[in-house]
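These notes are about the structure you will find just below.
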Amino acid sequence: MLAEISIRNFAIIESLTVSFEKGLTVLTGETGAGKSIIIDAISLLAGGRGSSEFVRYGEKKAEIEGLFLLDHEKHPCVKKCEEFGIDLQDGMVILRRDIGANGKSVCRVNGKLVTIAVLREIGRLLVDIHGQHDNQELMDEHHHLHLLDEFGGEEVKRAKGDYLELYNRYVELSNRLKRLSDNEQEMAHRLDLIQFQLNEIESAGLEPEEDVRLQEERKQIVNFEKVYKAMQNAYNALQGDQRGLDWLGVAMSHLEDVADINDTLQTLSETVSNHYYIIEDITYQLRNELDTLEFDPERLNTIESRLNEINHLKRKYGHSVDEILAYAAKIEEEIETLTNRDSHIHKIREELQSIRNDLLVEAKNISKIRKKWAKTLTEKIMEELKALYMDKTTFSVQFLTETEDVNFTQEGIDRVEFYISTNPGEPLKPLAKVASGGELSRIMLAMKSIFSKHQGITSIIFDEVDTGVSGRVAQAIGEKIYKVSEGSQVLCITHLPQVAAMADTHLFISKETKDGRTKTSVKPLEQDEKIKEIGRMIAGVEVTELTKQHAKELLQLAHTVKS
């Protein structure tokens, strides 16, 4: 949910901090008070298009910051933040956007600088803003298949998972076939190039990890004098008269003379004896190593020459000998494929046909499952429309699947679009072409009631979607918006008293002129203030006792409906 938003120097807002609660929050006030400006600020915070016109006159920049609280660890925003390397703590997401007077934006998520595209990716998972004339996801036919799949839940997801395994293999083989079927002259040039590369690598006679071994040997030769001197000094310190090992032998001899007097002396004697023999063995090892050490300047030259040859190959084919050898194995396989191109093309075509047949079976299975869920979705939306007094409306999920020359995509073979008819006898038309504002609002609300449970959106914002309706339809819209708020936080700008009465929280937006500048303010209303504001929405300027009584009745009715 959106817990708090802070706005500075944005349009007519000088400085404003608003806290929001769960459930349904309505924003009311006179026209021009700044209700939609607050929604515009939230829209920009979620990655909407910015402009220098939003910056308050005379100021250098506008600042917007919002705190969102995620209700569970599996919220899609968590995965998206991990994808972009953004740290989340205690399920909190803080979005910030600064818009300069020059029109440039600076975006941050939890303090990390991000691009506007990243802000939009995260914002769309947190906020869904719907205005009466907005081109929203529900109105875009390209998203209808996605919405149907979300409604179908795990059953569709499992079927798509099985399909995708085959589809990825199908795409891989198709790309290989395309590469092999490309211009023969290009293939010949490619064959000449990789044959030259393979010959160059093979003529070097590389061995696995050869570079690592040579670098280690080079290190030993370069440091020969240092190593020899250190080992010689260590040996001299231990071996010889009046040296370390000699004195350790004296200590051992003295302790052996008294070892049988008590257990402590016995333990000390054994310990010193053990260490004496260990040091003695180390002395022998040092002497043997010194005898084998030999400085060979010619060997160093050989190593340097070989490493230069290997480094030359590294610049072309890999960062290590192992990577060069892996590249050689890869192009050797490609050479074999290009040399026997015709037989490989034939083999891939056969495999593609086999996979295509299996893919079609899986795609038809997805279609079958989708059609089952489409029927359920149709019934659900028809129920919602009936509750909004659109019982004459017909809704349909149309499958526009090609029966011939099937085109496989990641989603299968289906194209889906929502169709609707608002009047008896009228043909079904694409949802996007429904023109009436009042009808469009109710259709959208009916669909939101269904899809908000499946989309996982943290906050849903309705910006005057109730325009053009009144009476019992207005009451039904109020009840439907409240129903949506039971599953997601809902913020709603409204001019309908029936909708305002359903609110869990009622915010009153007002503006005043002070020192020649206009300022917007927000005030949460108490019960008496709610009655007065709903009365104003019913009657206009003059609020009579009868109007107040009507407002009380609306609030009482809303309380009964909510209970």
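By order in the structure tokens, chains are A, B, ...; within a chain, residues start at 1; ligands start at 1, following the order shown.
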
Which neighbours of His72 in chain A fall inside 12 Å, counting only C-alpha atoms, when residues of the same chain fewer than 4 positions from it are skipped, and could you give them as a list in words? Met1, Pro76, Cys77, Val78, Lys79, Asp90, Gly91, Met92, Gly456 and Thr458 of chain A

Per DSSP on the backbone, filter range 249-417 of chain A down to the residues in strand (DSSP E) and report them as a PyMOL selection string. chain A and resi 394-399+416-417

Atoms kept (C-alpha atoms) for selection, written as an mmCIF file, in the first residue's frame:
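So the final result, stored in part22.cif, reads:
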data_model
loop_
_atom_site.group_PDB
_atom_site.id
_atom_site.type_symbol
_atom_site.label_atom_id
_atom_site.label_comp_id
_atom_site.auth_asym_id
_atom_site.auth_seq_id
_atom_site.Cartn_x
_atom_site.Cartn_y
_atom_site.Cartn_z
ATOM 1 C CA THR A 394 -22.964 -8.942 -23.234
ATOM 2 C CA PHE A 395 -19.274 -9.679 -22.631
ATOM 3 C CA SER A 396 -17.200 -12.203 -24.539
ATOM 4 C CA VAL A 397 -13.595 -13.421 -24.687
ATOM 5 C CA GLN A 398 -12.854 -13.836 -28.386
ATOM 6 C CA PHE A 399 -10.132 -16.246 -29.525
ATOM 7 C CA VAL A 416 -7.292 -13.033 -27.342
ATOM 8 C CA GLU A 417 -9.404 -9.893 -27.261
#

Spatial neighbours of Ser269 in chain A, max dist 7 Å, only C-alpha atoms, sep filter under 2 positions, as a ChimeraX atom specification: /A:252,255-256,259,265-267,271-273

With only C-alpha atoms as the counted atoms, please give the residues lying no more than 9 Å from Glu14 in chain A, apart from itself and same-chain residues fewer than 3 positions off, as an MDAnalysis selection string. chainID A and resid 7:11 56 518:520

Can I get the selection written as an mmCIF file, in the first residue's frame, with C-alpha atoms?
data_model
loop_
_atom_site.group_PDB
_atom_site.id
_atom_site.type_symbol
_atom_site.label_atom_id
_atom_site.label_comp_id
_atom_site.auth_asym_id
_atom_site.auth_seq_id
_atom_site.Cartn_x
_atom_site.Cartn_y
_atom_site.Cartn_z
ATOM 1 C CA ILE A 7 5.334 16.683 -2.504
ATOM 2 C CA ARG A 8 7.325 19.920 -2.787
ATOM 3 C CA ASN A 9 7.106 22.690 -5.393
ATOM 4 C CA PHE A 10 4.845 20.681 -7.679
ATOM 5 C CA ALA A 11 2.317 22.710 -9.728
ATOM 6 C CA ARG A 56 6.093 25.356 -9.297
ATOM 7 C CA THR A 518 -1.931 29.620 -4.386
ATOM 8 C CA LYS A 519 -1.381 26.709 -2.000
ATOM 9 C CA THR A 520 -3.090 23.307 -1.795
#

Env of range 198-207 of chain A: 9 Å cut, atoms = only C-alpha atoms, seq-sep filter 2 positions within chain, self excluded. Answer as an MDAnalysis selection string. chainID A and resid 193:196 209:211 309:310 313 317 321:322 324:325 327:329 331:332

Would you mind exporting C-alpha atoms of the selected residues as a PDB file, in the first residue's frame?
ATOM      1  CA  LEU A 193      37.962 -17.831 -41.110  1.00  0.00           C
ATOM      2  CA  ILE A 194      37.316 -20.453 -38.432  1.00  0.00           C
ATOM      3  CA  GLN A 195      39.521 -23.010 -40.246  1.00  0.00           C
ATOM      4  CA  PHE A 196      42.380 -20.487 -40.050  1.00  0.00           C
ATOM      5  CA  GLU A 209      46.331 -24.940 -17.744  1.00  0.00           C
ATOM      6  CA  GLU A 210      49.739 -24.552 -19.444  1.00  0.00           C
ATOM      7  CA  ASP A 211      49.742 -20.793 -18.854  1.00  0.00           C
ATOM      8  CA  GLU A 309      52.872 -16.788 -27.798  1.00  0.00           C
ATOM      9  CA  ILE A 310      50.036 -17.772 -25.452  1.00  0.00           C
ATOM     10  CA  LEU A 313      46.324 -16.216 -28.692  1.00  0.00           C
ATOM     11  CA  TYR A 317      40.381 -16.366 -28.458  1.00  0.00           C
ATOM     12  CA  VAL A 321      44.466 -21.465 -22.232  1.00  0.00           C
ATOM     13  CA  ASP A 322      41.409 -23.436 -21.134  1.00  0.00           C
ATOM     14  CA  ILE A 324      41.175 -20.961 -25.965  1.00  0.00           C
ATOM     15  CA  LEU A 325      40.914 -24.768 -26.054  1.00  0.00           C
ATOM     16  CA  TYR A 327      36.820 -22.078 -28.315  1.00  0.00           C
ATOM     17  CA  ALA A 328      38.829 -24.427 -30.529  1.00  0.00           C
ATOM     18  CA  ALA A 329      36.472 -27.301 -29.690  1.00  0.00           C
ATOM     19  CA  ILE A 331      34.737 -23.969 -33.921  1.00  0.00           C
ATOM     20  CA  GLU A 332      35.867 -27.502 -34.728  1.00  0.00           C
TER      21      GLU A 332
END

Please indicate the distance in Å from CA of Val473 in chain A to CA of Met447 in chain A, rounded to one decimal place. 16.2 Å

Check the DSSP output for the backbone and give back, as an NGL selection string, the residues of range 246-472 of chain A in alpha helix (DSSP H). :A and (246-258 or 263-292 or 297-317 or 321-339 or 341-387 or 437-455 or 471-472)

Point out the residue among A:Ser320, A:Ala46, A:Ile99, A:Ala41 with the least atom-to-atom distance to Pro208 in chain A, counting only C-alpha atoms.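 Using only C-alpha atoms, the shortest distance to Pro208 in chain A belongs to A:Ser320.
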
Spatial neighbours of Arg415 in chain A, 10 Å, only C-alpha atoms, chain gap at least 2 places, as a ChimeraX atom specification: /A:141-142,144-145,367,398-402,411-413,417

Just to be explicit: take each residue in the selection above, keep N, CA and C atoms, and write the result as a compact mmCIF listing (two decimals), in the first residue's frame.
# COMPACT_ATOMS: atom_id res chain seq x y z
N GLU A 141 -5.89 -4.33 -26.11
CA GLU A 141 -6.11 -5.73 -26.49
C GLU A 141 -4.84 -6.57 -26.43
N HIS A 142 -3.67 -5.91 -26.50
CA HIS A 142 -2.41 -6.66 -26.43
C HIS A 142 -2.17 -7.27 -25.06
N HIS A 144 -4.81 -8.45 -23.12
CA HIS A 144 -5.95 -9.29 -22.74
C HIS A 144 -5.57 -10.75 -22.52
N LEU A 145 -4.66 -11.25 -23.35
CA LEU A 145 -4.22 -12.65 -23.18
C LEU A 145 -3.52 -12.81 -21.84
N SER A 367 -4.68 -23.70 -25.19
CA SER A 367 -5.90 -23.08 -25.72
C SER A 367 -7.15 -23.68 -25.07
N GLN A 398 -12.97 -13.34 -27.01
CA GLN A 398 -12.85 -13.84 -28.39
C GLN A 398 -11.45 -14.40 -28.63
N PHE A 399 -11.41 -15.62 -29.15
CA PHE A 399 -10.13 -16.25 -29.53
C PHE A 399 -9.92 -16.04 -31.03
N LEU A 400 -8.82 -15.35 -31.36
CA LEU A 400 -8.52 -15.03 -32.75
C LEU A 400 -7.39 -15.90 -33.27
N THR A 401 -7.40 -17.17 -32.86
CA THR A 401 -6.32 -18.11 -33.19
C THR A 401 -6.36 -18.49 -34.67
N GLU A 402 -5.19 -18.46 -35.30
CA GLU A 402 -5.09 -18.88 -36.71
C GLU A 402 -5.18 -20.41 -36.79
N GLU A 411 3.71 -17.24 -25.94
CA GLU A 411 2.41 -17.39 -25.30
C GLU A 411 1.58 -18.53 -25.88
N GLY A 412 2.08 -19.16 -26.93
CA GLY A 412 1.31 -20.23 -27.56
C GLY A 412 0.89 -19.83 -28.95
N ILE A 413 -0.32 -20.21 -29.35
CA ILE A 413 -0.81 -19.87 -30.69
C ILE A 413 -2.05 -18.98 -30.63
N GLU A 417 -8.93 -11.27 -27.42
CA GLU A 417 -9.40 -9.89 -27.26
C GLU A 417 -10.78 -9.91 -26.60

For Lys60 in chain A, which residue out of A:Ile420, A:Leu300, A:Ala101, A:Ala432 is the nearest one, using only C-alpha atoms? A:Ala101

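Remark: for Ala33 in chain A, the closest of the candidate residues A:Leu148, A:Leu359, A:Ala374, A:Ile12 is A:Ile12 (distances computed over only C-alpha atoms).
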
Pick from A:Pro424, A:Glu334, A:Arg49, A:Asp71 nearest to Gly487 in chain A, counting only C-alpha atoms: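 Looking only at the distances to Gly487 in chain A, the closest residue turns out to be A:Asp71.
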
Can you list, as number ranges by chain, every protein, DNA or RNA residue that comes within 6 Å of Ser485 in chain A when you count only C-alpha atoms, leaving out same-chain residues fewer than 5 positions away? A: 23-24, 490

Proximity to Leu45 in chain A - best of A:Ile348, A:Val499, A:Leu27, A:Ile64, only C-alpha atoms: A:Ile64

Shortest interatomic distance to Leu70 in chain A - which of A:Leu338, A:Ile94, A:Lys178, A:Asn357, counting only C-alpha atoms: A:Ile94
